[in-house]
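The next block holds one structure in the form of structure tokens; read it before the comments.
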4 protein chains.
Amino acid sequence: MAYNLLKGKKGIIFGALDHKSIAWKTAEMAYAEGAEFTLTNTPTAIRFGEINELAEKCHAPVIPADATSVPDLTGLVQQSMDILGGKIDFILHSVGMSMNVRKKKVYSDLDYDYFSKTLDISALSFHKILQVCFRLDAIKEWGSVVALSYIAAQRTLYGYNDMADAKSLLESIARSFGYIYGRERKIRVNTISQSPTLTTAGSGVKGIDGLLDFTDRMSPLGNATAEECAGMCVLLFSDLTRKVTMQNIFHDGGFSSMGMSLRAMKMYNRSLDCDDCPPVD
Amino acid sequence: MAYNLLKGKKGIIFGALDHKSIAWKTAEMAYAEGAEFTLTNTPTAIRFGEINELAEKCHAPVIPADATSVPDLTGLVQQSMDILGGKIDFILHSVGMSMNVRKKKVYSDLDYDYFSKTLDISALSFHKILQVCFRLDAIKEWGSVVALSYIAAQRTLYGYNDMADAKSLLESIARSFGYIYGRERKIRVNTISQSPTLTTAGSGVKGIDGLLDFTDRMSPLGNATAEECAGMCVLLFSDLTRKVTMQNIFHDGGFSSMGMSLRAMKMYNRSLDCDDCPPVD
Amino acid sequence: MAYNLLKGKKGIIFGALDHKSIAWKTAEMAYAEGAEFTLTNTPTAIRFGEINELAEKCHAPVIPADATSVPDLTGLVQQSMDILGGKIDFILHSVGMSMNVRKKKVYSDLDYDYFSKTLDISALSFHKILQVCFRLDAIKEWGSVVALSYIAAQRTLYGYNDMADAKSLLESIARSFGYIYGRERKIRVNTISQSPTLTTAGSGVKGIDGLLDFTDRMSPLGNATAEECAGMCVLLFSDLTRKVTMQNIFHDGGFSSMGMSLRAMKMYNRSLDCDDCPPVD
Amino acid sequence: MAYNLLKGKKGIIFGALDHKSIAWKTAEMAYAEGAEFTLTNTPTAIRFGEINELAEKCHAPVIPADATSVPDLTGLVQQSMDILGGKIDFILHSVGMSMNVRKKKVYSDLDYDYFSKTLDISALSFHKILQVCFRLDAIKEWGSVVALSYIAAQRTLYGYNDMADAKSLLESIARSFGYIYGRERKIRVNTISQSPTLTTAGSGVKGIDGLLDFTDRMSPLGNATAEECAGMCVLLFSDLTRKVTMQNIFHDGGFSSMGMSLRAMKMYNRSLDCDDCPPVD
């Protein structure tokens with residue numbers, strides 16, 4: 001069911017890799033809600049992913065761009081305005097990667113080149129997009145920019161590694177640039193802190209299965225899915241949230257406000273009560 | 001412009017006094033978005049306000065109820081279900097009052113009967129509504145309950161007095177009952193922390209004019225209006241926010257994420273630089 | 001080992017029931033650090049607890065008082081000033097009780113008389129103490145007032161019930177009155193959010209054992225003990241924290257900043273991996 | 001007056017430039033409290049500052065080191081252990097610099113090489129120190145590491161620019177590494193969020209005078225001074241805070257919990273009421 005929430009709106013969506021991606025689901029829903037947009041990702045992700053399938057479905061051109069490259073981003077934004085015929089109403093940033101995670105470098109033994117790259121790809125890229133658009137005056141008054149974040153920005157989860165720091169930085173950039181964009185252009189900038197989601201990108205995080213079970217049991221409404229997150233993105237792009245800015249909105253079934261749930265405690269206690277289970281340290 | 005976001009949904013709206021009320025604007029927008037609902041307020045507020053005008057406009061029956069009275073609330077919910085023909089999808093709680101504020105009792109000289117009354121009217125009433133609905137199993141699966149709050153729940157504003165404590169308690173009740181409702185009924189409970197708004201109720205707060213100017217200048221998008229807040233309420237009632245629960249969402253033009261803005265600092269500095277102005281202590 | 005951190009300071013300590021109490025440990029440490037103080041509790045708690053043993057050890061008179069009674073508190077403060085020979089430097093509020101918890105009323109079926117009582121005993125009592133002292137001008141410049149809180153004020157823990165709401169209210173009162181006391185008297189008011197602690201009072205909370213294991217494994221430094229909490233209280237009473245006010249300080253081994261630890265996840269995963277364990281819903 | 005809080009403790013103190021520096025005051029107080037330590041700063045800061053005066057006073061050797069250089073930090077830590085005769089008990093990180101601020105690049109026109117440098121100097125340096133110490137097993141069990149932060153990490157202040165993002169990243173690193181250090185070594189890592197302080201470093205921030213007046217009037221206890229901040233550092237190094245970790249502690253006279261104070265509002269309102277003042281936009 002669609003509401004025409006984005007009728008006539010133009011956008012740029014970063015980070016749709018395959019049908020599991022939150023950006024993919026957001027593109028589908030934005031299309032259903034009446035938006036036109038361009039899709040972008042790195043050349044590699046475009047080659048290995050399924051973005052062309054999405055592009056066809058949504059009649060959305062794919063423009064390759066390295067989100068850490070100011071020239072690439074400048075080209076992307078200019079082409080998007082050319083193709084869409086005017087200024088942009090919304091942008092989704094769903095970009096993140098840690099070589100330290102990929103190479104299994106633990107947090108007390110990080111490679112600093114990788115760390116800088118993590119920050120550059122996962123956080124500074126957001127500043128670059130915003131700065132490029134600012135220079136080009138590419139976003140329409142009352143436009144909306146959203147980046148995807150995770151609660152690791154506030155609370156440490158073992159194994160999430162330097163991505164936690166990148167998400168903190170990302171949320172800070174959203175606030176800092178949100179102030180400038182609000183003051184100068186009446187444009188809002190927010191982040192959504194989404195439940196852990198089994199996307200292709202997220203599936204590399206260590207111990208993700210146990211964590212997903214835990215967060216699902218901790219969250220009174222269960223983990224939020226990628227489709228549900230797309231709904232939240234669409235709302236933040238719509239005209240109904242014009243005065244929401246510089247916020248990090250938890251879209252997580254309630255997880256962020258839980259200390260301990262009955263359902264998670266039961267699962268935990270079963271381990272405590274298990275005499276035959278292997279010992280844990 | 002309407003989107004049919006609440007098509008077929010049934011609700012109860014507390015606290016529409018006159019056309020300045022956030023509850024009033026929410027009723028208007030909910031009606032435009034396709035909802036049916038009942039309106040409620042205390043007998044006194046009904047008599048002195050203009051709710052019947054709203055009722056006519058929205059084809060919504062008015063059911064008087066004291067929000068601190070469990071029997072009144074039970075009657076209200078039962079009648080609402082009878083009239084609307086089934087379970088409730090959404091509830092807006094916009095209820096608050098402090099006799100200490102009205103009687104100009106300062107925070108270091110509170111009347112404790114008044115203080116209890118402030119908490120009862122402004123916070124416990126929310127628990128009572130939720131508990132009455134829980135007993136009657138009155139809210140539909142994936143229903144949504146919203147209460148209006150204010151940043152005084154987190155940060156002290158001089159003159160806001162015991163209402164700050166009431167709002168903290170209100171937000172806590174939203175979390176506590178949000179957990180139960182999520183777990184047991186798949187229903188969400190949230191609060192919206194709205195910009196200071198010049199409603200008839202809010203206009204009694206001491207020094208409200210200077211504060212409104214300050215918050216407007218601090219907020220990169222300016223203060224959010226009552227109409228805009230109504231939009232946020234509608235979104236939280238819609239099916240697009242099903243996994244948002246136990247949250248306090250700042251709808252404030254960015255105020256809550258600001259430490260100091262250029263525009264507010266300029267106004268402040270003008271006072272600092274003023275040699276002819278009367279002295280301030 | 002002692003540092004003379006409270007040399008010459010005079011105080012009032014609420015809530016020492018027996019040797020497990022945080023207030024008890026704080027009294028012992030405050031005494032060792034050079035403070036003089038009075039001890040107070042309800043007549044019932046004095047009768048059933050072991051406070052006289054503590055009183056003897058610390059040469060501290062016991063003054064019975066109902067912390068919800070303004071006349072009792074007035075008498076307590078006046079007597080304390082008489083006995084100690086002047087104004088008070090520090091106060092510890094460690095007071096809380098829920099009849100709903102005791103009578104096993106669940107949160108969706110609260111007794112509202114009990115709820116009001118929970119708030120009155122666990123939160124309004126703090127306002128009353130502060131207001132009584134304010135009227136009597138009983139606290140010395142740069143004095144320090146501390147109340148004990150718990151993370152349930154921010155995050156819902158199943159079974160903690162209406163005490164969560166009381167702790168939210170308590171923390172709000174600390175902020176609200178902290179503003180007044182800071183501005184008018186240069187006195188600070190803070191709360192400490194302590195790890196779950198197996199005091200005699202806390203032992204009534206449902207499922208406390210599993211929770212203690214979980215929080216201990218989640219906290220990189222383990223749960224903080226009552227003795228360690230006493231250290232934090234003493235620091236907040238000392239002259240080294242004069243500019244810390246209106247804060248809620250987490251004293252919890254890191255729990256509040258954790259999303260998931262390796263040690264807790266291992267225990268949880270053992271349950272997930274257990275084929276022979278009884279099913280959990 | 002001293003308490004012997006750090007008797008026998010060994011430390012490393014980063015960032016004492018001149019007598020206005022918080023690190024300088026912390027060194028003085030740590031010395032008075034019985035600690036031995038080394039001092040470090042960049043060669044340039046050592047040349048232009050007055051650190052040798054401090055070194056003499058505290059009998060503390062100065063070891064030049066670039067806090068972004070792992071080899072420099074490795075040398076610093078090894079030399080410190082050699083000189084002090086064993087493992088380190090405490091470290092103070094008071095390091096920060098933004099070329100974007102210095103070169104007056106506004107936030108919507110940042111130089112990205114400068115931005116990376118800001119993050120490297122002001123935040124990654126903290127990770128590097130912690131990682132170097134981790135590898136060398138240089139910190140004693142129950143040791144304590146503190147970095148200085150600012151509320152810009154949570155709330156945007158115009159003119160603070162990319163330093164806000166650096167402070168967010170710094171606080172995140174404190175949490176992330178605090179988890180590892182707590183779990184593996186029983187060592188705590190915290191940040192102190194200090195009032196704006198007129199240090200030589202801080203004096204470059206745009207519009208600092210008006211801001212200092214505003215924060216002083218907003219804070220019920222006034223701005224915290226560098227000396228007072230030193231007291232907080234010493235407490236966090238002492239054995240009385242062993243279970244405080246992964247926290248950001250506001251040491252700010254109450255500023256962080258204020259929405260609006262009477263004193264700040266009066267100053268602001270004087271500008272509002274001024275008919276003869278020059279117009280502000």
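Residues in the structure tokens are numbered from 1 in each chain, the chains being A, B, ... in the order shown, and ligands are numbered from 1 in the order shown.
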Contacts from chain D to chain C, 8 Å maximum, only C-alpha atoms: show me the residue list as a short mmCIF file (atom, residue, chain, number, x, y, z; two decimals) with C-alpha atoms, in the first residue's frame.
data_model
loop_
_atom_site.label_atom_id
_atom_site.label_comp_id
_atom_site.auth_asym_id
_atom_site.auth_seq_id
_atom_site.Cartn_x
_atom_site.Cartn_y
_atom_site.Cartn_z
CA TYR D 3 44.86 14.00 50.60
CA ASN D 4 47.54 11.65 49.32
CA LEU D 5 45.02 10.33 46.83
CA ARG D 175 34.08 3.53 25.32
CA GLY D 178 37.37 0.96 27.81
CA TYR D 179 35.52 -2.26 27.14
CA ILE D 180 38.71 -4.07 26.07
CA TYR D 181 40.83 -2.65 28.88
CA GLY D 182 38.19 -3.41 31.47
CA ARG D 183 37.69 -6.97 30.32
CA LYS D 186 40.84 -4.28 34.86
CA ILE D 187 41.77 -0.80 33.73
CA PRO D 220 23.96 27.11 38.35
CA LEU D 221 27.47 26.80 39.83
CA GLY D 222 29.16 28.80 37.10
CA ASN D 223 31.79 27.51 34.68
CA ALA D 224 34.21 25.01 36.15
CA GLU D 228 38.59 22.32 39.47
CA GLY D 231 40.47 17.79 40.90
CA MET D 232 38.13 15.66 38.83
CA LEU D 235 39.61 11.60 41.50
CA LEU D 240 37.98 5.51 44.79
CA THR D 241 36.62 5.33 41.24
CA ARG D 242 37.69 1.82 40.31
CA LYS D 243 34.32 0.83 38.92
CA VAL D 244 33.69 3.94 36.84
CA THR D 245 34.54 3.19 33.24
CA MET D 246 33.42 4.00 29.69
CA GLN D 247 31.77 7.14 31.06
CA ILE D 249 31.50 12.79 33.13
CA PHE D 250 30.21 16.32 32.86
CA HIS D 251 32.28 18.67 34.96
CA ASP D 252 30.56 21.88 34.05
CA GLY D 253 28.74 23.51 36.95
CA GLY D 254 25.50 21.92 35.79
CA SER D 257 21.52 19.57 32.48
CA MET D 258 20.21 23.07 31.89
#
Using DSSP on the backbone coordinates, identify all residues within range 38-174 of chain D classified as strand (DSSP E or B); present the result as a PyMOL selection string. chain D and resi 38-41+62-64+88-93+139-149+156-157
Write the residues you've just listed into a file as an mmCIF file, in the first residue's frame, and include N, CA, C and O atoms for each of them.
data_model
loop_
_atom_site.group_PDB
_atom_site.id
_atom_site.type_symbol
_atom_site.label_atom_id
_atom_site.label_comp_id
_atom_site.auth_asym_id
_atom_site.auth_seq_id
_atom_site.Cartn_x
_atom_site.Cartn_y
_atom_site.Cartn_z
ATOM 1 N N THR D 38 55.646 11.465 34.137
ATOM 2 C CA THR D 38 56.363 12.160 33.074
ATOM 3 C C THR D 38 55.386 13.106 32.393
ATOM 4 O O THR D 38 54.167 12.901 32.427
ATOM 5 N N LEU D 39 55.964 14.137 31.789
ATOM 6 C CA LEU D 39 55.179 15.106 31.020
ATOM 7 C C LEU D 39 55.527 14.944 29.557
ATOM 8 O O LEU D 39 56.693 14.690 29.223
ATOM 9 N N THR D 40 54.536 15.127 28.689
ATOM 10 C CA THR D 40 54.858 15.044 27.275
ATOM 11 C C THR D 40 54.046 16.043 26.468
ATOM 12 O O THR D 40 52.950 16.438 26.867
ATOM 13 N N ASN D 41 54.646 16.433 25.373
ATOM 14 C CA ASN D 41 53.988 17.314 24.419
ATOM 15 C C ASN D 41 54.792 17.243 23.126
ATOM 16 O O ASN D 41 55.828 16.574 23.088
ATOM 17 N N VAL D 62 60.424 15.738 31.084
ATOM 18 C CA VAL D 62 59.645 16.029 29.889
ATOM 19 C C VAL D 62 60.146 15.143 28.750
ATOM 20 O O VAL D 62 61.345 15.137 28.453
ATOM 21 N N ILE D 63 59.241 14.412 28.137
ATOM 22 C CA ILE D 63 59.613 13.545 27.016
ATOM 23 C C ILE D 63 58.837 14.001 25.787
ATOM 24 O O ILE D 63 57.618 13.838 25.733
ATOM 25 N N PRO D 64 59.526 14.572 24.805
ATOM 26 C CA PRO D 64 58.809 15.035 23.619
ATOM 27 C C PRO D 64 58.220 13.856 22.847
ATOM 28 O O PRO D 64 58.864 12.805 22.745
ATOM 29 N N ILE D 88 52.555 1.962 34.593
ATOM 30 C CA ILE D 88 51.875 3.247 34.740
ATOM 31 C C ILE D 88 50.512 3.048 35.424
ATOM 32 O O ILE D 88 49.814 2.080 35.150
ATOM 33 N N ASP D 89 50.162 3.964 36.323
ATOM 34 C CA ASP D 89 48.844 3.913 36.965
ATOM 35 C C ASP D 89 47.822 4.801 36.281
ATOM 36 O O ASP D 89 46.633 4.520 36.343
ATOM 37 N N PHE D 90 48.287 5.901 35.714
ATOM 38 C CA PHE D 90 47.306 6.828 35.125
ATOM 39 C C PHE D 90 47.886 7.579 33.940
ATOM 40 O O PHE D 90 49.103 7.799 33.852
ATOM 41 N N ILE D 91 47.003 7.956 33.048
ATOM 42 C CA ILE D 91 47.365 8.756 31.872
ATOM 43 C C ILE D 91 46.310 9.842 31.701
ATOM 44 O O ILE D 91 45.113 9.570 31.805
ATOM 45 N N LEU D 92 46.757 11.045 31.436
ATOM 46 C CA LEU D 92 45.838 12.117 31.041
ATOM 47 C C LEU D 92 46.108 12.485 29.588
ATOM 48 O O LEU D 92 47.248 12.824 29.225
ATOM 49 N N HIS D 93 45.053 12.446 28.784
ATOM 50 C CA HIS D 93 45.128 12.856 27.383
ATOM 51 C C HIS D 93 44.423 14.199 27.264
ATOM 52 O O HIS D 93 43.198 14.283 27.448
ATOM 53 N N ILE D 139 50.162 -0.572 31.541
ATOM 54 C CA ILE D 139 49.306 0.018 32.576
ATOM 55 C C ILE D 139 48.996 -1.033 33.638
ATOM 56 O O ILE D 139 48.685 -2.180 33.327
ATOM 57 N N LYS D 140 49.108 -0.628 34.869
ATOM 58 C CA LYS D 140 48.918 -1.525 36.002
ATOM 59 C C LYS D 140 47.428 -1.871 36.176
ATOM 60 O O LYS D 140 46.569 -1.067 35.832
ATOM 61 N N GLU D 141 47.164 -3.031 36.703
ATOM 62 C CA GLU D 141 45.795 -3.408 37.032
ATOM 63 C C GLU D 141 45.165 -2.313 37.896
ATOM 64 O O GLU D 141 45.828 -1.773 38.774
ATOM 65 N N TRP D 142 43.920 -2.005 37.609
ATOM 66 C CA TRP D 142 43.170 -0.924 38.264
ATOM 67 C C TRP D 142 43.735 0.465 37.952
ATOM 68 O O TRP D 142 43.412 1.437 38.637
ATOM 69 N N GLY D 143 44.533 0.550 36.906
ATOM 70 C CA GLY D 143 44.958 1.855 36.419
ATOM 71 C C GLY D 143 43.790 2.622 35.812
ATOM 72 O O GLY D 143 42.688 2.094 35.650
ATOM 73 N N SER D 144 44.045 3.883 35.457
ATOM 74 C CA SER D 144 42.970 4.767 35.002
ATOM 75 C C SER D 144 43.470 5.707 33.912
ATOM 76 O O SER D 144 44.507 6.342 34.053
ATOM 77 N N VAL D 145 42.701 5.785 32.825
ATOM 78 C CA VAL D 145 43.062 6.652 31.702
ATOM 79 C C VAL D 145 41.927 7.652 31.482
ATOM 80 O O VAL D 145 40.752 7.262 31.469
ATOM 81 N N VAL D 146 42.276 8.909 31.328
ATOM 82 C CA VAL D 146 41.283 9.975 31.178
ATOM 83 C C VAL D 146 41.632 10.843 29.977
ATOM 84 O O VAL D 146 42.795 11.190 29.775
ATOM 85 N N ALA D 147 40.615 11.175 29.199
ATOM 86 C CA ALA D 147 40.803 12.164 28.130
ATOM 87 C C ALA D 147 39.829 13.312 28.357
ATOM 88 O O ALA D 147 38.731 13.110 28.879
ATOM 89 N N LEU D 148 40.236 14.498 27.939
ATOM 90 C CA LEU D 148 39.371 15.667 28.119
ATOM 91 C C LEU D 148 38.501 15.892 26.898
ATOM 92 O O LEU D 148 38.985 15.907 25.762
ATOM 93 N N SER D 149 37.205 16.084 27.159
ATOM 94 C CA SER D 149 36.261 16.286 26.073
ATOM 95 C C SER D 149 35.433 17.549 26.314
ATOM 96 O O SER D 149 35.730 18.322 27.225
ATOM 97 N N THR D 156 25.670 20.777 19.110
ATOM 98 C CA THR D 156 26.431 21.621 18.193
ATOM 99 C C THR D 156 26.561 23.045 18.728
ATOM 100 O O THR D 156 25.566 23.665 19.131
ATOM 101 N N LEU D 157 27.790 23.546 18.718
ATOM 102 C CA LEU D 157 28.048 24.947 19.050
ATOM 103 C C LEU D 157 28.667 25.599 17.831
ATOM 104 O O LEU D 157 29.690 25.115 17.327
#
Which residues, written as a PyMOL selection string, have at least one atom at most 8 Å from Ala35 in chain D, with only C-alpha atoms counted and residues fewer than 5 positions away on the same chain left out? chain D and resi 6-11+30
Any chance you could list, as a count of residues only, the residues in range 41-272 of chain B that come up helix (DSSP H, G or I) when DSSP is run on the backbone? 131
